[in-house]
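What follows is my_file.pdb (PDB, C-alpha atoms).
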```pdb
ATOM      1  CA  MET A   1       4.794   0.419   4.460
ATOM      2  CA  ASP A   2       3.501   0.954   7.963
ATOM      3  CA  ARG A   3       2.292  -2.542   8.662
ATOM      4  CA  LEU A   4       2.499  -6.073   7.334
ATOM      5  CA  SER A   5      -0.075  -8.661   8.274
ATOM      6  CA  SER A   6       1.214 -11.593  10.328
ATOM      7  CA  GLU A   7       1.401 -13.638   7.142
ATOM      8  CA  LYS A   8       3.819 -12.195   4.589
ATOM      9  CA  PHE A   9       1.510 -13.361   1.789
ATOM     10  CA  ILE A  10      -1.099 -10.667   2.569
ATOM     11  CA  LEU A  11       0.397  -7.177   2.752
ATOM     12  CA  VAL A  12      -1.484  -4.166   4.074
ATOM     13  CA  ASN A  13      -0.196  -0.649   3.463
ATOM     14  CA  ARG A  14      -2.072   2.217   5.095
ATOM     15  CA  GLU A  15      -1.211   5.491   3.414
ATOM     16  CA  PRO A  16      -1.590   8.948   5.007
ATOM     17  CA  ASN A  17      -4.050  10.067   2.305
ATOM     18  CA  GLY A  18      -6.819   7.729   3.494
ATOM     19  CA  ILE A  19      -6.059   5.001   0.947
ATOM     20  CA  ALA A  20      -5.103   1.480   2.027
ATOM     21  CA  VAL A  21      -3.531  -0.998  -0.389
ATOM     22  CA  VAL A  22      -4.004  -4.736   0.193
ATOM     23  CA  THR A  23      -1.675  -6.932  -1.855
ATOM     24  CA  ILE A  24      -1.932 -10.688  -2.348
ATOM     25  CA  ASN A  25       1.791 -11.449  -2.262
ATOM     26  CA  ARG A  26       2.619 -14.966  -3.386
ATOM     27  CA  PRO A  27       3.896 -14.244  -6.884
ATOM     28  CA  ASP A  28       5.853 -17.495  -7.300
ATOM     29  CA  SER A  29       2.495 -19.323  -7.168
ATOM     30  CA  LEU A  30       0.624 -16.635  -9.137
ATOM     31  CA  ASN A  31      -0.925 -15.540  -5.821
ATOM     32  CA  SER A  32      -2.818 -18.789  -5.253
ATOM     33  CA  LEU A  33      -4.571 -18.848  -1.893
ATOM     34  CA  THR A  34      -3.917 -21.137   1.058
ATOM     35  CA  ARG A  35      -6.321 -21.373   3.980
ATOM     36  CA  ALA A  36      -4.029 -19.172   6.088
ATOM     37  CA  MET A  37      -4.044 -16.540   3.336
ATOM     38  CA  ASN A  38      -7.847 -16.618   3.198
ATOM     39  CA  VAL A  39      -8.016 -16.019   6.942
ATOM     40  CA  ASP A  40      -5.485 -13.180   6.743
ATOM     41  CA  LEU A  41      -7.227 -11.573   3.766
ATOM     42  CA  ALA A  42     -10.567 -11.732   5.579
ATOM     43  CA  GLN A  43      -8.993 -10.227   8.700
ATOM     44  CA  ALA A  44      -7.335  -7.465   6.677
ATOM     45  CA  PHE A  45     -10.686  -6.261   5.337
ATOM     46  CA  LYS A  46     -12.302  -6.575   8.755
ATOM     47  CA  ASN A  47      -9.561  -4.429  10.300
ATOM     48  CA  LEU A  48      -9.599  -1.829   7.524
ATOM     49  CA  ASP A  49     -13.359  -1.488   7.818
ATOM     50  CA  ARG A  50     -12.926  -0.566  11.497
ATOM     51  CA  ASP A  51     -10.053   1.849  10.848
ATOM     52  CA  GLU A  52     -11.531   5.347  10.615
ATOM     53  CA  SER A  53      -8.365   6.696   8.944
ATOM     54  CA  VAL A  54      -8.994   4.448   5.917
ATOM     55  CA  ARG A  55     -11.503   5.770   3.383
ATOM     56  CA  VAL A  56     -10.847   3.646   0.281
ATOM     57  CA  ILE A  57      -9.223   0.228  -0.175
ATOM     58  CA  ILE A  58      -7.279  -0.908  -3.228
ATOM     59  CA  LEU A  59      -6.861  -4.674  -3.718
ATOM     60  CA  THR A  60      -4.194  -6.003  -6.054
ATOM     61  CA  GLY A  61      -1.753  -8.854  -6.574
ATOM     62  CA  SER A  62       2.034  -8.818  -6.768
ATOM     63  CA  GLY A  63       3.937 -10.113  -9.767
ATOM     64  CA  ARG A  64       2.291 -11.210 -13.005
ATOM     65  CA  SER A  65      -1.223 -12.057 -11.793
ATOM     66  CA  PHE A  66      -3.995 -10.867  -9.530
ATOM     67  CA  CYS A  67      -4.902 -14.268  -8.075
ATOM     68  CA  SER A  68      -4.855 -17.714  -9.664
ATOM     69  CA  GLY A  69      -7.413 -19.115  -7.240
ATOM     70  CA  VAL A  70      -7.165 -21.557  -4.368
ATOM     71  CA  ASP A  71      -3.940 -23.552  -4.019
ATOM     72  CA  LEU A  72      -5.318 -26.924  -5.102
ATOM     73  CA  THR A  73      -2.484 -28.782  -3.369
ATOM     74  CA  ALA A  74      -4.234 -27.757  -0.150
ATOM     75  CA  ALA A  75      -7.818 -27.981  -1.477
ATOM     76  CA  GLU A  76      -9.200 -30.196   1.306
ATOM     77  CA  ASP A  77      -7.788 -27.877   3.956
ATOM     78  CA  VAL A  78      -9.377 -24.874   2.236
ATOM     79  CA  PHE A  79     -12.795 -26.292   1.360
ATOM     80  CA  LYS A  80     -13.736 -28.712   4.127
ATOM     81  CA  GLY A  81     -15.305 -27.750   7.406
ATOM     82  CA  ASP A  82     -15.518 -23.974   7.380
ATOM     83  CA  VAL A  83     -16.953 -22.960   4.000
ATOM     84  CA  LYS A  84     -19.700 -21.127   5.900
ATOM     85  CA  ASP A  85     -17.399 -19.480   8.470
ATOM     86  CA  PRO A  86     -17.674 -15.715   7.811
ATOM     87  CA  GLU A  87     -14.616 -14.875   9.897
ATOM     88  CA  SER A  88     -12.262 -16.727   7.544
ATOM     89  CA  ASP A  89     -14.157 -15.882   4.355
ATOM     90  CA  PRO A  90     -12.522 -12.948   2.534
ATOM     91  CA  VAL A  91     -15.510 -12.455   0.210
ATOM     92  CA  VAL A  92     -17.939 -12.171   3.137
ATOM     93  CA  GLN A  93     -15.645  -9.652   4.829
ATOM     94  CA  MET A  94     -15.296  -7.678   1.590
ATOM     95  CA  GLU A  95     -19.079  -7.605   1.202
ATOM     96  CA  ARG A  96     -19.445  -6.447   4.816
ATOM     97  CA  CYS A  97     -16.804  -3.756   4.397
ATOM     98  CA  ARG A  98     -18.362  -0.283   4.372
ATOM     99  CA  LYS A  99     -15.413   1.293   2.545
ATOM    100  CA  PRO A 100     -15.262   1.294  -1.273
ATOM    101  CA  ILE A 101     -12.978  -1.446  -2.616
ATOM    102  CA  ILE A 102     -11.226  -0.958  -5.957
ATOM    103  CA  GLY A 103      -9.695  -4.015  -7.596
ATOM    104  CA  ALA A 104      -6.558  -3.540  -9.702
ATOM    105  CA  ILE A 105      -6.422  -6.605 -11.954
ATOM    106  CA  LYS A 106      -3.555  -7.828 -14.102
ATOM    107  CA  GLY A 107      -2.720 -11.244 -15.499
ATOM    108  CA  PHE A 108      -5.167 -13.896 -14.338
ATOM    109  CA  ALA A 109      -8.083 -13.756 -11.903
ATOM    110  CA  VAL A 110      -9.022 -17.435 -11.752
ATOM    111  CA  THR A 111     -11.987 -18.984  -9.899
ATOM    112  CA  ALA A 112     -11.501 -17.776  -6.287
ATOM    113  CA  GLY A 113      -9.562 -14.845  -7.742
ATOM    114  CA  PHE A 114     -12.509 -14.166 -10.062
ATOM    115  CA  GLU A 115     -14.865 -14.275  -7.064
ATOM    116  CA  ILE A 116     -12.680 -11.869  -5.100
ATOM    117  CA  ALA A 117     -12.726  -9.511  -8.093
ATOM    118  CA  LEU A 118     -16.541  -9.780  -8.122
ATOM    119  CA  ALA A 119     -16.571  -8.652  -4.478
ATOM    120  CA  CYS A 120     -14.867  -5.362  -5.405
ATOM    121  CA  ASP A 121     -16.984  -2.244  -5.966
ATOM    122  CA  ILE A 122     -14.950  -0.933  -8.910
ATOM    123  CA  LEU A 123     -12.528  -2.777 -11.206
ATOM    124  CA  VAL A 124      -9.566  -1.437 -13.163
ATOM    125  CA  ALA A 125      -7.895  -4.018 -15.402
ATOM    126  CA  ALA A 126      -4.701  -4.059 -17.405
ATOM    127  CA  LYS A 127      -4.987  -4.943 -21.083
ATOM    128  CA  GLY A 128      -4.587  -8.679 -21.542
ATOM    129  CA  ALA A 129      -5.960  -9.562 -18.103
ATOM    130  CA  LYS A 130      -8.254 -12.590 -18.030
ATOM    131  CA  PHE A 131     -11.029 -13.752 -15.730
ATOM    132  CA  MET A 132     -11.593 -17.505 -15.656
ATOM    133  CA  ASP A 133     -14.043 -19.801 -13.845
ATOM    134  CA  THR A 134     -12.641 -23.334 -13.520
ATOM    135  CA  HIS A 135     -15.176 -24.721 -11.023
ATOM    136  CA  ALA A 136     -16.689 -27.014 -13.665
ATOM    137  CA  ARG A 137     -13.291 -28.135 -14.930
ATOM    138  CA  PHE A 138     -11.982 -29.305 -11.551
ATOM    139  CA  GLY A 139     -15.234 -30.391  -9.881
ATOM    140  CA  ILE A 140     -15.292 -27.568  -7.321
ATOM    141  CA  PHE A 141     -18.693 -26.249  -6.225
ATOM    142  CA  PRO A 142     -18.761 -22.421  -6.120
ATOM    143  CA  SER A 143     -19.249 -20.935  -2.645
ATOM    144  CA  TRP A 144     -18.014 -17.327  -2.992
ATOM    145  CA  GLY A 145     -20.806 -16.088  -5.251
ATOM    146  CA  LEU A 146     -19.612 -16.664  -8.810
ATOM    147  CA  SER A 147     -22.658 -18.725  -9.827
ATOM    148  CA  GLN A 148     -24.999 -15.891  -8.806
ATOM    149  CA  LYS A 149     -23.155 -12.582  -9.182
ATOM    150  CA  LEU A 150     -21.651 -12.920 -12.647
ATOM    151  CA  SER A 151     -24.979 -13.447 -14.431
ATOM    152  CA  ARG A 152     -26.397 -10.353 -12.747
ATOM    153  CA  ILE A 153     -23.554  -8.252 -14.163
ATOM    154  CA  ILE A 154     -22.828  -9.613 -17.638
ATOM    155  CA  GLY A 155     -26.110 -11.407 -18.416
ATOM    156  CA  VAL A 156     -27.213 -14.984 -17.859
ATOM    157  CA  ASN A 157     -26.260 -16.447 -21.245
ATOM    158  CA  LYS A 158     -22.726 -15.039 -21.232
ATOM    159  CA  ALA A 159     -22.229 -16.105 -17.611
ATOM    160  CA  ARG A 160     -23.325 -19.657 -18.457
ATOM    161  CA  GLU A 161     -20.792 -19.763 -21.287
ATOM    162  CA  VAL A 162     -17.948 -18.439 -19.107
ATOM    163  CA  SER A 163     -18.659 -20.895 -16.283
ATOM    164  CA  LEU A 164     -19.724 -24.039 -18.150
ATOM    165  CA  THR A 165     -16.927 -23.902 -20.740
ATOM    166  CA  ALA A 166     -14.246 -22.671 -18.304
ATOM    167  CA  THR A 167     -12.887 -20.395 -21.036
ATOM    168  CA  PRO A 168     -11.385 -16.979 -20.243
ATOM    169  CA  LEU A 169     -13.362 -13.758 -20.171
ATOM    170  CA  THR A 170     -10.882 -11.166 -21.388
ATOM    171  CA  ALA A 171     -10.661  -7.771 -19.738
ATOM    172  CA  GLU A 172     -11.477  -6.224 -23.110
ATOM    173  CA  VAL A 173     -14.793  -8.096 -23.325
ATOM    174  CA  ALA A 174     -15.445  -7.622 -19.596
ATOM    175  CA  GLU A 175     -15.191  -3.855 -20.050
ATOM    176  CA  LYS A 176     -17.729  -3.927 -22.891
ATOM    177  CA  LEU A 177     -20.099  -5.975 -20.713
ATOM    178  CA  GLY A 178     -19.858  -3.498 -17.839
ATOM    179  CA  PHE A 179     -17.907  -5.746 -15.454
ATOM    180  CA  VAL A 180     -14.603  -3.871 -15.755
ATOM    181  CA  ASN A 181     -14.819  -0.100 -15.269
ATOM    182  CA  HIS A 182     -11.538   0.882 -16.916
ATOM    183  CA  LEU A 183      -9.102  -0.885 -19.225
ATOM    184  CA  VAL A 184      -5.545   0.484 -19.135
ATOM    185  CA  GLU A 185      -1.984  -0.320 -20.125
ATOM    186  CA  ASP A 186      -0.165  -2.477 -17.565
ATOM    187  CA  GLY A 187       2.090   0.391 -16.515
ATOM    188  CA  GLU A 188      -0.913   2.648 -15.868
ATOM    189  CA  LEU A 189      -2.860   0.176 -13.700
ATOM    190  CA  MET A 190      -2.020   1.506 -10.244
ATOM    191  CA  LYS A 191      -2.017   5.136 -11.376
ATOM    192  CA  LYS A 192      -5.563   4.861 -12.709
ATOM    193  CA  THR A 193      -6.668   2.957  -9.624
ATOM    194  CA  ARG A 194      -5.168   5.599  -7.339
ATOM    195  CA  ASP A 195      -6.806   8.376  -9.374
ATOM    196  CA  ILE A 196     -10.215   6.802  -8.750
ATOM    197  CA  ALA A 197      -9.427   6.269  -5.067
ATOM    198  CA  GLY A 198      -8.312   9.903  -4.778
ATOM    199  CA  ALA A 199     -11.541  11.141  -6.341
ATOM    200  CA  ILE A 200     -13.540   9.156  -3.766
ATOM    201  CA  VAL A 201     -11.422  10.419  -0.851
ATOM    202  CA  LYS A 202     -12.238  14.034  -1.804
ATOM    203  CA  ASN A 203     -15.951  13.471  -1.253
ATOM    204  CA  ASN A 204     -18.049  13.513   1.919
ATOM    205  CA  GLN A 205     -16.944  10.358   3.716
ATOM    206  CA  ASP A 206     -20.215   9.749   5.529
ATOM    207  CA  MET A 207     -22.187  10.035   2.296
ATOM    208  CA  VAL A 208     -19.735   7.789   0.412
ATOM    209  CA  LEU A 209     -20.375   5.033   2.973
ATOM    210  CA  ARG A 210     -24.139   5.565   2.916
ATOM    211  CA  TYR A 211     -24.218   5.677  -0.896
ATOM    212  CA  LYS A 212     -22.216   2.475  -1.312
ATOM    213  CA  SER A 213     -24.516   0.784   1.204
ATOM    214  CA  VAL A 214     -27.775   1.808  -0.470
ATOM    215  CA  ILE A 215     -26.480   0.802  -3.927
ATOM    216  CA  ASN A 216     -25.225  -2.600  -2.756
ATOM    217  CA  ASP A 217     -28.292  -3.329  -0.628
ATOM    218  CA  GLY A 218     -30.640  -2.176  -3.382
ATOM    219  CA  ILE A 219     -29.077  -4.492  -5.967
ATOM    220  CA  LYS A 220     -30.421  -7.452  -3.964
ATOM    221  CA  LEU A 221     -34.013  -6.183  -4.299
ATOM    222  CA  ASP A 222     -36.453  -5.662  -7.149
ATOM    223  CA  LEU A 223     -36.645  -2.060  -8.391
ATOM    224  CA  GLY A 224     -39.815  -1.161  -6.465
ATOM    225  CA  HIS A 225     -38.409  -2.287  -3.108
ATOM    226  CA  ALA A 226     -35.025  -0.760  -3.911
ATOM    227  CA  LEU A 227     -36.621   2.645  -4.564
ATOM    228  CA  SER A 228     -38.524   2.334  -1.274
ATOM    229  CA  LEU A 229     -35.246   1.537   0.479
ATOM    230  CA  GLU A 230     -33.685   4.706  -0.944
ATOM    231  CA  LYS A 231     -36.680   6.786   0.207
ATOM    232  CA  GLU A 232     -36.533   5.319   3.714
ATOM    233  CA  ARG A 233     -32.814   5.942   4.125
ATOM    234  CA  ALA A 234     -33.084   9.466   2.694
ATOM    235  CA  HIS A 235     -35.935  10.203   5.133
ATOM    236  CA  ASP A 236     -33.873   8.893   8.075
ATOM    237  CA  TYR A 237     -30.809  10.833   6.937
ATOM    238  CA  TYR A 238     -32.511  14.218   6.584
ATOM    239  CA  ASN A 239     -34.581  13.747   9.728
ATOM    240  CA  GLY A 240     -31.379  13.136  11.637
ATOM    241  CA  MET A 241     -29.717  16.347  10.421
ATOM    242  CA  THR A 242     -29.589  19.408  12.696
ATOM    243  CA  LYS A 243     -30.187  22.996  11.579
ATOM    244  CA  GLU A 244     -26.451  23.564  11.877
ATOM    245  CA  GLN A 245     -25.742  20.666   9.502
ATOM    246  CA  PHE A 246     -28.238  22.003   6.951
ATOM    247  CA  LYS A 247     -26.584  25.429   7.227
ATOM    248  CA  LYS A 248     -23.114  23.926   6.611
ATOM    249  CA  MET A 249     -24.466  22.018   3.605
ATOM    250  CA  GLN A 250     -25.909  25.204   2.113
ATOM    251  CA  GLU A 251     -22.683  27.124   2.756
ATOM    252  CA  PHE A 252     -20.624  24.377   1.138
ATOM    253  CA  ILE A 253     -22.858  24.278  -1.954
ATOM    254  CA  ALA A 254     -22.840  28.088  -2.197
ATOM    255  CA  GLY A 255     -19.048  28.130  -1.931
ATOM    256  CA  ARG A 256     -18.667  25.529  -4.682
ATOM    257  CA  SER A 257     -21.087  27.462  -6.923
ATOM    258  CA  SER A 258     -19.186  30.738  -6.501
ATOM    259  CA  LYS A 259     -15.890  29.014  -7.342
ATOM    260  CA  LYS A 260     -17.376  27.574 -10.550
ATOM    261  CA  GLN A 261     -18.743  30.988 -11.588
ATOM    262  CA  SER A 262     -15.382  32.659 -10.974
ATOM    263  CA  LYS A 263     -13.791  30.219 -13.441
ATOM    264  CA  LEU A 264     -16.275  31.048 -16.214
TER     265      LEU A 264
END
```
Just dump the structure as structure tokens.
Amino acid sequence: MDRLSSEKFILVNREPNGIAVVTINRPDSLNSLTRAMNVDLAQAFKNLDRDESVRVIILTGSGRSFCSGVDLTAAEDVFKGDVKDPESDPVVQMERCRKPIIGAIKGFAVTAGFEIALACDILVAAKGAKFMDTHARFGIFPSWGLSQKLSRIIGVNKAREVSLTATPLTAEVAEKLGFVNHLVEDGELMKKTRDIAGAIVKNNQDMVLRYKSVINDGIKLDLGHALSLEKERAHDYYNGMTKEQFKKMQEFIAGRSSKKQSKL
């Protein structure tokens, strides 16, 4: 591990292959979050977004669970005063991060942990993992997006049930609803996550960043405006390309085509 964050509860490992692994590391408390951990997690994503050597980020939790939510013994410290402060808000920093974020989920992802999972671009979950929204149970008003994002992914009625009853959404059901991308055995969780990260790293980095951006920005719009956004960005992209860049693109495509034909 080349670097630990100043707080031992948030670990950051930059690997030479362009993958960075962020680990919530408070296993004795099922990775519950203190205010200091929130600040460190937010800063970790901010730093990784700036780091040009990092192309994909994996987020996971140590021990038995991904994240059991905010440490309620320090609830006032966490919730009061700076709920709107983007610098200490890990979800805001994840949403601002240009790099793809893959969540590797095992055990429980509860409330704030659920919201952090929702801020990932791709989710891989171990069988038996559970997502749970306990805002209604404990009288906590959601502020990291759960009340708005979940219904847009799994449907309004199912989201109401998950949030208003505070009952678990299993990884098995979450996969069927399109929230979880891949469901794997516990021992295969990081391998599958790394396989996906590796596939992303092999692609054109500039286009990966642009593609993630246009998908995520388009989701916030109706289809008509989203299609216009894609057209505008495509126009700007191609207009900004030089003849040399077009030539390299054509050579790359021709090279890939010849390799495929040689395998037939």
Report the closest atom pair, with its distance in Å rounded to one decimal, for each residue of stretch 12-114 of chain A that has an atom no farther than 12 Å from stretch 154-171 of chain A; count only C-alpha atoms, sort by chain and then rising residue number, and write it as JSON lines.
```
{"residue": "A:Ala104", "atom": "CA", "partner": "A:Ala171", "partner_atom": "CA", "distance": 11.6}
{"residue": "A:Ile105", "atom": "CA", "partner": "A:Ala171", "partner_atom": "CA", "distance": 8.9}
{"residue": "A:Lys106", "atom": "CA", "partner": "A:Ala171", "partner_atom": "CA", "distance": 9.1}
{"residue": "A:Gly107", "atom": "CA", "partner": "A:Ala171", "partner_atom": "CA", "distance": 9.6}
{"residue": "A:Phe108", "atom": "CA", "partner": "A:Pro168", "partner_atom": "CA", "distance": 9.1}
{"residue": "A:Ala109", "atom": "CA", "partner": "A:Pro168", "partner_atom": "CA", "distance": 9.5}
{"residue": "A:Val110", "atom": "CA", "partner": "A:Pro168", "partner_atom": "CA", "distance": 8.8}
{"residue": "A:Thr111", "atom": "CA", "partner": "A:Ser163", "partner_atom": "CA", "distance": 9.4}
{"residue": "A:Phe114", "atom": "CA", "partner": "A:Leu169", "partner_atom": "CA", "distance": 10.2}
```
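The two atoms in question, atom CA of A:Gln250 and atom CA of A:Ala234, are spaced 17.3 Å apart.
Here atom CA of A:Asn25 and atom CA of A:Leu72 stand 17.3 Å from one another.
The shortest atom-to-atom distance to A:Pro142, with only C-alpha atoms taken into account, belongs to A:Ala112 out of A:Leu183, A:Pro27, A:Ala112, A:Asp71.
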- To verify the selection step, state as a list of chain:residue names which residues the PyMOL selection byres ((chain A and resi 14) around 12) yields on this input. A:Met1, A:Asp2, A:Arg3, A:Leu4, A:Ser5, A:Leu11, A:Val12, A:Asn13, A:Glu15, A:Pro16, A:Asn17, A:Gly18, A:Ile19, A:Ala20, A:Val21, A:Val22, A:Thr23, A:Ala44, A:Asn47, A:Leu48, A:Asp51, A:Glu52, A:Ser53, A:Val54, A:Arg55, A:Val56, A:Ile57, A:Ile58
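The nearest approach to A:Lys46 among the residues A:Gly224, A:Gly69, A:Pro90, A:Gly198, with only C-alpha atoms taken into account, belongs to A:Pro90.
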- Query: Could you name the residues that touch A:Ile196 at 12 Å or less, counting only C-alpha atoms, but leaving out those on the same chain fewer than 6 positions away, as a PyMOL selection string?
  - Reply: chain A and resi 19+56-58+100-104+121-124+181-182+189-190+202-203
- Task: Please evaluate the PyMOL selection byres ((chain A and resi 211) around 12) against the displayed coordinates and give the resulting residues as a count of residues only.
- Result: 25
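When atom CA of A:Thr73 is paired with atom CA of A:Arg35, their separation reads 11.1 Å.
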- Message: Under the rule that all atoms listed in the file are counted, which of A:Val91, A:Val173, A:Val70, A:Glu251 is the nearest residue to A:Asp133?
- Response: A:Val70
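Distance annotation: of A:Arg50, A:Cys67, A:Lys127, A:Leu118, the residue with the minimal separation from A:Ser151 is A:Leu118; atom set is only C-alpha atoms.
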Centre and edges of the stretch 232-235 of chain A box, axis-aligned, 6 Å extra per side, as lines of an AutoDock Vina configuration file:
```
center_x = -34.7
center_y = 7.8
center_z = 3.9
size_x = 15.7
size_y = 16.9
size_z = 14.4
```
